[in-house]
Structures are given as C-alpha cells and as structure tokens.
file final.cif (mmCIF, C-alpha atoms and all ligand atoms)
data_work
loop_
_atom_site.group_PDB
_atom_site.id
_atom_site.type_symbol
_atom_site.label_atom_id
_atom_site.label_comp_id
_atom_site.auth_asym_id
_atom_site.auth_seq_id
_atom_site.Cartn_x
_atom_site.Cartn_y
_atom_site.Cartn_z
ATOM 1 C CA MET Q 1 -1.859 9.674 -20.708
ATOM 2 C CA SER Q 2 -1.123 6.106 -19.748
ATOM 3 C CA GLU Q 3 -1.358 3.326 -22.341
ATOM 4 C CA LEU Q 4 -2.300 0.877 -19.632
ATOM 5 C CA ARG Q 5 -5.456 -1.172 -20.006
ATOM 6 C CA VAL Q 6 -7.088 -1.946 -16.693
ATOM 7 C CA GLY Q 7 -9.659 -4.735 -16.694
ATOM 8 C CA VAL Q 8 -12.386 -4.617 -14.050
ATOM 9 C CA LEU Q 9 -14.096 -7.914 -13.228
ATOM 10 C CA ALA Q 10 -17.727 -7.166 -14.086
ATOM 11 C CA LEU Q 11 -19.674 -10.219 -12.911
ATOM 12 C CA GLN Q 12 -21.309 -8.521 -9.905
ATOM 13 C CA GLY Q 13 -20.697 -5.529 -7.658
ATOM 14 C CA ASP Q 14 -19.623 -1.930 -8.130
ATOM 15 C CA PHE Q 15 -17.393 -2.344 -11.187
ATOM 16 C CA ARG Q 16 -18.757 0.848 -12.830
ATOM 17 C CA GLU Q 17 -17.332 3.035 -10.053
ATOM 18 C CA HIS Q 18 -13.887 1.457 -10.501
ATOM 19 C CA ILE Q 19 -14.042 2.000 -14.253
ATOM 20 C CA ALA Q 20 -14.894 5.677 -13.712
ATOM 21 C CA MET Q 21 -12.024 6.119 -11.258
ATOM 22 C CA VAL Q 22 -9.459 4.460 -13.528
ATOM 23 C CA ARG Q 23 -10.582 6.680 -16.414
ATOM 24 C CA SER Q 24 -10.381 9.757 -14.170
ATOM 25 C CA ILE Q 25 -6.655 9.119 -13.673
ATOM 26 C CA GLY Q 26 -6.001 8.747 -17.382
ATOM 27 C CA ALA Q 27 -5.847 5.013 -18.025
ATOM 28 C CA THR Q 28 -8.100 2.828 -20.143
ATOM 29 C CA ALA Q 29 -10.646 0.730 -18.246
ATOM 30 C CA PHE Q 30 -12.877 -2.031 -19.564
ATOM 31 C CA GLU Q 31 -15.212 -4.732 -18.263
ATOM 32 C CA VAL Q 32 -13.842 -8.252 -17.869
ATOM 33 C CA ARG Q 33 -16.220 -11.228 -17.993
ATOM 34 C CA THR Q 34 -14.395 -13.876 -20.005
ATOM 35 C CA PRO Q 35 -10.881 -15.333 -20.247
ATOM 36 C CA ASP Q 36 -10.487 -13.485 -23.592
ATOM 37 C CA ASP Q 37 -11.263 -10.157 -21.877
ATOM 38 C CA LEU Q 38 -8.778 -10.978 -19.151
ATOM 39 C CA ALA Q 39 -6.041 -11.621 -21.701
ATOM 40 C CA GLN Q 40 -6.254 -7.930 -22.768
ATOM 41 C CA ALA Q 41 -5.609 -6.561 -19.271
ATOM 42 C CA ASP Q 42 -2.339 -5.021 -18.012
ATOM 43 C CA ALA Q 43 -3.873 -4.876 -14.516
ATOM 44 C CA LEU Q 44 -7.053 -6.234 -12.940
ATOM 45 C CA ILE Q 45 -9.516 -4.884 -10.380
ATOM 46 C CA ILE Q 46 -11.918 -7.146 -8.500
ATOM 47 C CA PRO Q 47 -14.681 -4.886 -7.111
ATOM 48 C CA GLY Q 48 -16.760 -4.920 -3.971
ATOM 49 C CA GLY Q 49 -20.148 -6.555 -3.946
ATOM 50 C CA GLU Q 50 -20.993 -9.985 -2.611
ATOM 51 C CA SER Q 51 -18.026 -12.330 -2.562
ATOM 52 C CA THR Q 52 -20.069 -15.546 -2.701
ATOM 53 C CA ALA Q 53 -21.880 -14.274 -5.820
ATOM 54 C CA ILE Q 54 -18.627 -13.127 -7.459
ATOM 55 C CA GLY Q 55 -17.067 -16.518 -6.691
ATOM 56 C CA ARG Q 56 -20.010 -18.495 -8.033
ATOM 57 C CA LEU Q 57 -20.263 -16.423 -11.203
ATOM 58 C CA ALA Q 58 -16.498 -16.604 -11.738
ATOM 59 C CA ARG Q 59 -16.794 -20.383 -11.631
ATOM 60 C CA ILE Q 60 -19.708 -20.386 -14.111
ATOM 61 C CA TYR Q 61 -17.829 -18.052 -16.480
ATOM 62 C CA GLY Q 62 -14.726 -20.257 -16.356
ATOM 63 C CA MET Q 63 -12.703 -17.432 -14.824
ATOM 64 C CA ILE Q 64 -11.211 -19.051 -11.703
ATOM 65 C CA ASP Q 65 -8.223 -20.809 -13.301
ATOM 66 C CA PRO Q 66 -7.414 -18.033 -15.828
ATOM 67 C CA MET Q 67 -7.466 -15.365 -13.095
ATOM 68 C CA ARG Q 68 -5.398 -17.487 -10.727
ATOM 69 C CA SER Q 69 -2.773 -18.226 -13.329
ATOM 70 C CA ARG Q 70 -2.442 -14.634 -14.587
ATOM 71 C CA ILE Q 71 -2.190 -13.295 -11.023
ATOM 72 C CA GLU Q 72 0.355 -15.972 -10.103
ATOM 73 C CA SER Q 73 2.414 -14.949 -13.101
ATOM 74 C CA GLY Q 74 2.549 -11.337 -11.903
ATOM 75 C CA LEU Q 75 -0.518 -9.489 -13.219
ATOM 76 C CA PRO Q 76 -1.008 -6.482 -10.902
ATOM 77 C CA VAL Q 77 -4.377 -6.833 -9.171
ATOM 78 C CA LEU Q 78 -6.441 -4.780 -6.735
ATOM 79 C CA GLY Q 79 -9.274 -6.413 -4.801
ATOM 80 C CA THR Q 80 -11.622 -4.211 -2.802
ATOM 81 C CA CYS Q 81 -13.912 -5.533 -0.065
ATOM 82 C CA ALA Q 82 -15.615 -8.586 -1.632
ATOM 83 C CA GLY Q 83 -12.702 -8.546 -4.096
ATOM 84 C CA MET Q 84 -10.264 -8.864 -1.198
ATOM 85 C CA ILE Q 85 -12.244 -11.807 0.182
ATOM 86 C CA PHE Q 86 -12.227 -13.493 -3.230
ATOM 87 C CA LEU Q 87 -8.426 -13.104 -3.554
ATOM 88 C CA GLY Q 88 -7.817 -14.642 -0.123
ATOM 89 C CA SER Q 89 -6.947 -18.185 0.813
ATOM 90 C CA ALA Q 90 -9.631 -18.766 3.463
ATOM 91 C CA THR Q 91 -12.405 -17.129 5.445
ATOM 92 C CA THR Q 92 -13.225 -17.615 9.116
ATOM 93 C CA GLY Q 93 -16.696 -18.876 8.137
ATOM 94 C CA ASN Q 94 -17.940 -21.492 5.707
ATOM 95 C CA ASP Q 95 -16.092 -22.417 2.560
ATOM 96 C CA GLN Q 96 -16.780 -20.344 -0.515
ATOM 97 C CA PRO Q 97 -15.024 -20.061 -3.873
ATOM 98 C CA GLN Q 98 -11.755 -18.107 -3.472
ATOM 99 C CA LEU Q 99 -8.735 -17.660 -5.716
ATOM 100 C CA GLY Q 100 -6.305 -18.388 -2.888
ATOM 101 C CA VAL Q 101 -3.597 -16.130 -4.347
ATOM 102 C CA LEU Q 102 -3.414 -13.783 -1.344
ATOM 103 C CA ASP Q 103 -2.173 -15.506 1.796
ATOM 104 C CA VAL Q 104 -4.745 -14.164 4.237
ATOM 105 C CA VAL Q 105 -7.655 -15.492 6.267
ATOM 106 C CA VAL Q 106 -10.498 -13.005 5.980
ATOM 107 C CA GLU Q 107 -13.332 -12.408 8.399
ATOM 108 C CA ARG Q 108 -16.428 -11.321 6.480
ATOM 109 C CA ASN Q 109 -18.793 -8.674 7.863
ATOM 110 C CA ALA Q 110 -16.206 -8.230 10.593
ATOM 111 C CA PHE Q 111 -17.459 -4.906 11.880
ATOM 112 C CA GLY Q 112 -20.794 -6.499 12.810
ATOM 113 C CA ARG Q 113 -23.667 -7.353 10.524
ATOM 114 C CA GLN Q 114 -25.681 -4.502 11.993
ATOM 115 C CA VAL Q 115 -22.964 -2.032 10.956
ATOM 116 C CA ASP Q 116 -23.956 -1.430 7.371
ATOM 117 C CA SER Q 117 -21.439 1.212 6.538
ATOM 118 C CA PHE Q 118 -19.165 3.725 8.191
ATOM 119 C CA GLU Q 119 -16.235 5.954 7.406
ATOM 120 C CA SER Q 120 -12.849 5.998 9.038
ATOM 121 C CA GLU Q 121 -9.513 7.756 8.761
ATOM 122 C CA PHE Q 122 -6.097 6.113 9.106
ATOM 123 C CA GLU Q 123 -2.480 6.278 7.988
ATOM 124 C CA VAL Q 124 -1.293 4.146 5.073
ATOM 125 C CA THR Q 125 2.334 3.020 4.746
ATOM 126 C CA GLY Q 126 3.877 4.770 1.743
ATOM 127 C CA PHE Q 127 1.098 7.378 1.322
ATOM 128 C CA ASP Q 128 1.521 11.012 2.338
ATOM 129 C CA GLY Q 129 -1.259 12.132 4.638
ATOM 130 C CA SER Q 130 -4.060 10.048 6.069
ATOM 131 C CA MET Q 131 -6.720 8.232 4.111
ATOM 132 C CA HIS Q 132 -10.429 8.775 4.594
ATOM 133 C CA ALA Q 133 -12.196 5.531 3.692
ATOM 134 C CA VAL Q 134 -15.686 4.089 3.288
ATOM 135 C CA PHE Q 135 -16.450 0.621 4.661
ATOM 136 C CA ILE Q 136 -19.625 -1.247 3.625
ATOM 137 C CA ARG Q 137 -20.399 -4.555 5.390
ATOM 138 C CA ALA Q 138 -16.664 -4.827 5.318
ATOM 139 C CA PRO Q 139 -14.307 -7.672 6.085
ATOM 140 C CA TRP Q 140 -11.059 -7.338 7.924
ATOM 141 C CA ILE Q 141 -8.067 -9.595 7.822
ATOM 142 C CA HIS Q 142 -7.993 -12.107 10.615
ATOM 143 C CA LYS Q 143 -4.556 -13.550 9.831
ATOM 144 C CA VAL Q 144 -1.782 -12.709 7.360
ATOM 145 C CA GLY Q 145 0.873 -14.968 5.860
ATOM 146 C CA ALA Q 146 4.604 -14.211 6.070
ATOM 147 C CA ASP Q 147 4.807 -12.511 2.654
ATOM 148 C CA VAL Q 148 1.931 -10.118 3.277
ATOM 149 C CA GLU Q 149 2.775 -6.500 4.084
ATOM 150 C CA ILE Q 150 0.197 -4.665 6.200
ATOM 151 C CA LEU Q 151 -0.223 -1.138 4.785
ATOM 152 C CA ALA Q 152 -3.066 -0.008 7.065
ATOM 153 C CA ALA Q 153 -5.044 -1.308 10.004
ATOM 154 C CA VAL Q 154 -7.927 -0.215 12.190
ATOM 155 C CA THR Q 155 -8.530 -0.972 15.846
ATOM 156 C CA ASP Q 156 -11.027 -3.666 16.733
ATOM 157 C CA PRO Q 157 -13.319 -1.828 19.179
ATOM 158 C CA SER Q 158 -14.117 -4.970 21.151
ATOM 159 C CA THR Q 159 -10.553 -6.210 21.754
ATOM 160 C CA GLY Q 160 -8.317 -3.212 20.997
ATOM 161 C CA ASP Q 161 -6.364 -5.356 18.501
ATOM 162 C CA ASP Q 162 -5.157 -4.012 15.157
ATOM 163 C CA ARG Q 163 -7.023 -5.457 12.184
ATOM 164 C CA PRO Q 164 -5.436 -5.088 8.745
ATOM 165 C CA VAL Q 165 -7.638 -3.342 6.156
ATOM 166 C CA PHE Q 166 -5.076 -2.710 3.394
ATOM 167 C CA VAL Q 167 -2.368 -5.207 2.442
ATOM 168 C CA ARG Q 168 0.111 -5.959 -0.309
ATOM 169 C CA GLN Q 169 1.642 -9.256 -1.325
ATOM 170 C CA ALA Q 170 3.970 -8.845 -4.335
ATOM 171 C CA ASN Q 171 1.673 -7.885 -7.268
ATOM 172 C CA ILE Q 172 -1.529 -8.049 -5.183
ATOM 173 C CA LEU Q 173 -3.155 -5.089 -3.402
ATOM 174 C CA ALA Q 174 -6.276 -5.594 -1.298
ATOM 175 C CA THR Q 175 -8.468 -3.253 0.723
ATOM 176 C CA SER Q 176 -11.405 -3.868 3.082
ATOM 177 C CA PHE Q 177 -12.716 -0.457 2.138
ATOM 178 C CA HIS Q 178 -13.974 1.115 -1.096
ATOM 179 C CA PRO Q 179 -11.386 3.522 -2.572
ATOM 180 C CA GLU Q 180 -13.604 3.859 -5.672
ATOM 181 C CA LEU Q 181 -16.287 5.638 -3.613
ATOM 182 C CA THR Q 182 -14.240 8.646 -2.518
ATOM 183 C CA ASP Q 183 -12.250 11.072 -4.630
ATOM 184 C CA ASP Q 184 -8.926 9.840 -3.229
ATOM 185 C CA THR Q 185 -7.298 8.129 -6.218
ATOM 186 C CA ARG Q 186 -4.107 6.951 -4.475
ATOM 187 C CA VAL Q 187 -4.982 3.251 -4.265
ATOM 188 C CA HIS Q 188 -5.804 3.094 -7.980
ATOM 189 C CA GLU Q 189 -2.640 5.062 -8.743
ATOM 190 C CA ALA Q 190 -0.632 2.497 -6.753
ATOM 191 C CA LEU Q 191 -2.088 -0.255 -8.956
ATOM 192 C CA LEU Q 192 -1.183 1.675 -12.121
ATOM 193 C CA ALA Q 193 2.344 2.251 -10.799
ATOM 194 C CA MET Q 194 2.744 -1.507 -10.314
ATOM 195 C CA ALA Q 195 1.573 -2.076 -13.897
ATOM 196 C CA GLU Q 196 3.942 0.625 -15.253
ATOM 197 C CA GLU Q 197 6.888 -0.969 -13.449
ATOM 198 C CA ARG Q 198 6.262 -4.303 -15.060
HETATM 199 N N1 LIG Q 201 -20.076 -8.378 2.894
HETATM 200 C C1 LIG Q 201 -19.633 -8.620 1.542
HETATM 201 C C2 LIG Q 201 -19.057 -10.024 1.399
HETATM 202 O O1 LIG Q 201 -18.856 -10.678 2.355
HETATM 203 C C3 LIG Q 201 -18.591 -7.606 1.114
HETATM 204 C C4 LIG Q 201 -19.211 -6.227 1.079
HETATM 205 C C5 LIG Q 201 -18.628 -5.313 0.062
HETATM 206 O O2 LIG Q 201 -17.947 -5.721 -0.879
HETATM 207 N N2 LIG Q 201 -18.953 -4.054 0.213
HETATM 208 O O3 LIG Q 201 -18.821 -10.466 0.312
#

call {"tool": "encode", "arguments": {"input": "final.cif", "output": "structure tokens"}}
result
Amino acid sequence: MSELRVGVLALQGDFREHIAMVRSIGATAFEVRTPDDLAQADALIIPGGESTAIGRLARIYGMIDPMRSRIESGLPVLGTCAGMIFLGSATTGNDQPQLGVLDVVVERNAFGRQVDSFESEFEVTGFDGSMHAVFIRAPWIHKVGADVEILAAVTDPSTGDDRPVFVRQANILATSFHPELTDDTRVHEALLAMAEER
C-alpha cells in the first residue's frame, strides 16, 4: 500500500472517476477545492470536464496562484482533457483562464465539434503494449515547447500530421484522453511513480 495522498481537483468534471482509479491502485485520493486541501497533496490530478468552467471556478476559489506555485515547485500533476487545457500556456481560440505551467498551445475540440467521443489505440513511449483510449470532445496539442516530451500522438485525418495527445514536461503529465474511464491504470501509476521518486 502506498502512503501517497493524491488530491483531485473537484470544482467541475469527472473527479469521482479519478478518485476511484487512484484508490483501485492502492493510494489515498481526496477532493481538492481549497488551498488548504491542496497543501495536503503529494500529487494532483486535474480532471476532464469543461476547461472554461474549471478555470473560472479555480479563480473564484482562489486556486490559480496556489496551484501554479506548487506545480512550479515540483508537485507531480496529471491533467486529463480539460485538465490538460487548463495546465497549458495558450489555446488556439479565445483567451481563457489557464495555469500556464505546461508549455503547449492546445486546440480545443480538435477532432471536430460533431465528434462527441471515440476510442483509439496507439503506442505510448515507455509503456509496454499499446494503449486503448477514450476521447470526449477532446483537444490535441497544436504546438509544444522545447522541454515537452511527446509520449503519444494520433494522426490528424485531414492533414496526415501527428498530433500529440500525451505529453510530459518534468513533473507534469497531460493527456487529451480519459485514462480514468478505462481499466488501464498505467497513466495513474506513472503519476504515482513520479510522486514516489520525489
Ligand atoms: N471540450 C472540453 C474543453 O474544451 C474538454 C472535454 C473533456 O474534458 N472531456 O474544455
């Protein structure tokens, strides 16, 4: 059993599914809504949902600066889908609240607004065997900064270009897809491994 305490940002989105997955791999998971909650966390998950709502609520709850400073000082963090958008430094559309700790420009709803959800299979750097993943009104990464490692990408059907869907930058992991909605626990295990190493 791990002693690690994983906080899951619980302002909006599918935080319950992340909590269940973290518990299923033997760590403690709890809901984070305030700076005091955040202070208890050895790792943080920012769930999928609606990134503009998460950003607005984070501002109202006074969470933007505390999250930014803990992540900048090395707190392991996983952002999924809307969580990835919120971690990023810019989007290709209008401005919205973002933490700006992950050096990527994100394109929201990149697979087409009409494409509600789909599943795909791809290889992930450092994982044995391919990953089967669920995408829901998902973003992809339009542009990565120099310190961002691309762990997985999918092919843009309209241009044939590779579009990153799983990246790492130091203590930050981010996915376009929803690892909490399958029974593949490897992404959450990678976050726990980063927290153990610390
Ligand atoms: N489309 C949402 C956004 O832009 C993300 C969807 C999700 O998190 N499943 O915030």

call {"tool": "resolve_selection", "arguments": {"input": "final.cif", "expression": "the PyMOL selection byres (((not hetatm)) within 6 of (chain Q and resi 201))", "output": "JSON, numbers by chain"}}
result
{"Q": [48, 49, 50, 51, 81, 82, 108, 109, 136, 137, 138]}

call {"tool": "residues_around", "arguments": {"input": "final.cif", "residues": "Q:Ala27", "least_positions_apart": "6", "cutoff": "12 Å", "atoms": "only C-alpha atoms", "output": "MDAnalysis selection string"}}
result
chainID Q and resid 1:7 18:21 41:43 188:189 191:193 195:196

call {"tool": "closest_residue", "arguments": {"input": "final.cif", "among": "Q:Arg68, Q:Arg186, Q:Arg198, Q:Arg33", "to": "Q:Ile54", "atoms": "all atoms listed in the file"}}
result
Q:Arg33

call {"tool": "atom_distance", "arguments": {"input": "final.cif", "atom1": "atom CA of Q:Gly79", "atom2": "atom CA of Q:Met194"}}
result
14.1 Å

call {"tool": "atom_distance", "arguments": {"input": "final.cif", "atom1": "atom CA of Q:Leu151", "atom2": "atom CA of Q:Phe166"}}
result
5.3 Å

call {"tool": "resolve_selection", "arguments": {"input": "final.cif", "expression": "the PyMOL selection byres (((chain Q and resi 64) around 12) and not hetatm)", "output": "ChimeraX atom specification"}}
result
/Q:9,33-35,38,54-63,65-71,86-87,97-101

call {"tool": "resolve_selection", "arguments": {"input": "final.cif", "expression": "the PyMOL selection byres (((chain Q and resi 93) around 9) and not hetatm)", "output": "MDAnalysis selection string"}}
result
chainID Q and resid 90:92 94:96 106:108

call {"tool": "atom_distance", "arguments": {"input": "final.cif", "atom1": "atom CA of Q:Gln169", "atom2": "atom CA of Q:Asp183"}}
result
24.8 Å

call {"tool": "closest_residue", "arguments": {"input": "final.cif", "among": "Q:Ile25, Q:Val134, Q:Val104, Q:Ile141", "to": "Q:Glu119", "atoms": "only C-alpha atoms"}}
result
Q:Val134

call {"tool": "closest_residue", "arguments": {"input": "final.cif", "among": "Q:Glu17, Q:Gly145, Q:His132, Q:Val187", "to": "Q:Ser120", "atoms": "only C-alpha atoms"}}
result
Q:His132

call {"tool": "closest_residue", "arguments": {"input": "final.cif", "among": "Q:Ala133, Q:Ile46, Q:Asp116, Q:Val32", "to": "Q:Leu173", "atoms": "all atoms listed in the file"}}
result
Q:Ile46

call {"tool": "residues_around", "arguments": {"input": "final.cif", "residues": "Q:Ile45", "least_positions_apart": "5", "cutoff": "6 Å", "atoms": "only C-alpha atoms", "output": "mmCIF file with C-alpha atoms, keeping the file's coordinate frame"}}
result
data_model
loop_
_atom_site.group_PDB
_atom_site.id
_atom_site.type_symbol
_atom_site.label_atom_id
_atom_site.label_comp_id
_atom_site.auth_asym_id
_atom_site.auth_seq_id
_atom_site.Cartn_x
_atom_site.Cartn_y
_atom_site.Cartn_z
ATOM 1 C CA VAL Q 8 -12.386 -4.617 -14.050
ATOM 2 C CA VAL Q 77 -4.377 -6.833 -9.171
ATOM 3 C CA LEU Q 78 -6.441 -4.780 -6.735
ATOM 4 C CA GLY Q 79 -9.274 -6.413 -4.801
#

call {"tool": "residues_around", "arguments": {"input": "final.cif", "residues": "Q:Ala146", "least_positions_apart": "4", "cutoff": "12 Å", "atoms": "all atoms listed in the file", "output": "list in words"}}
result
Leu102, Asp103, Val104, Ile150, Val167, Arg168, Gln169 and Ala170 of chain Q
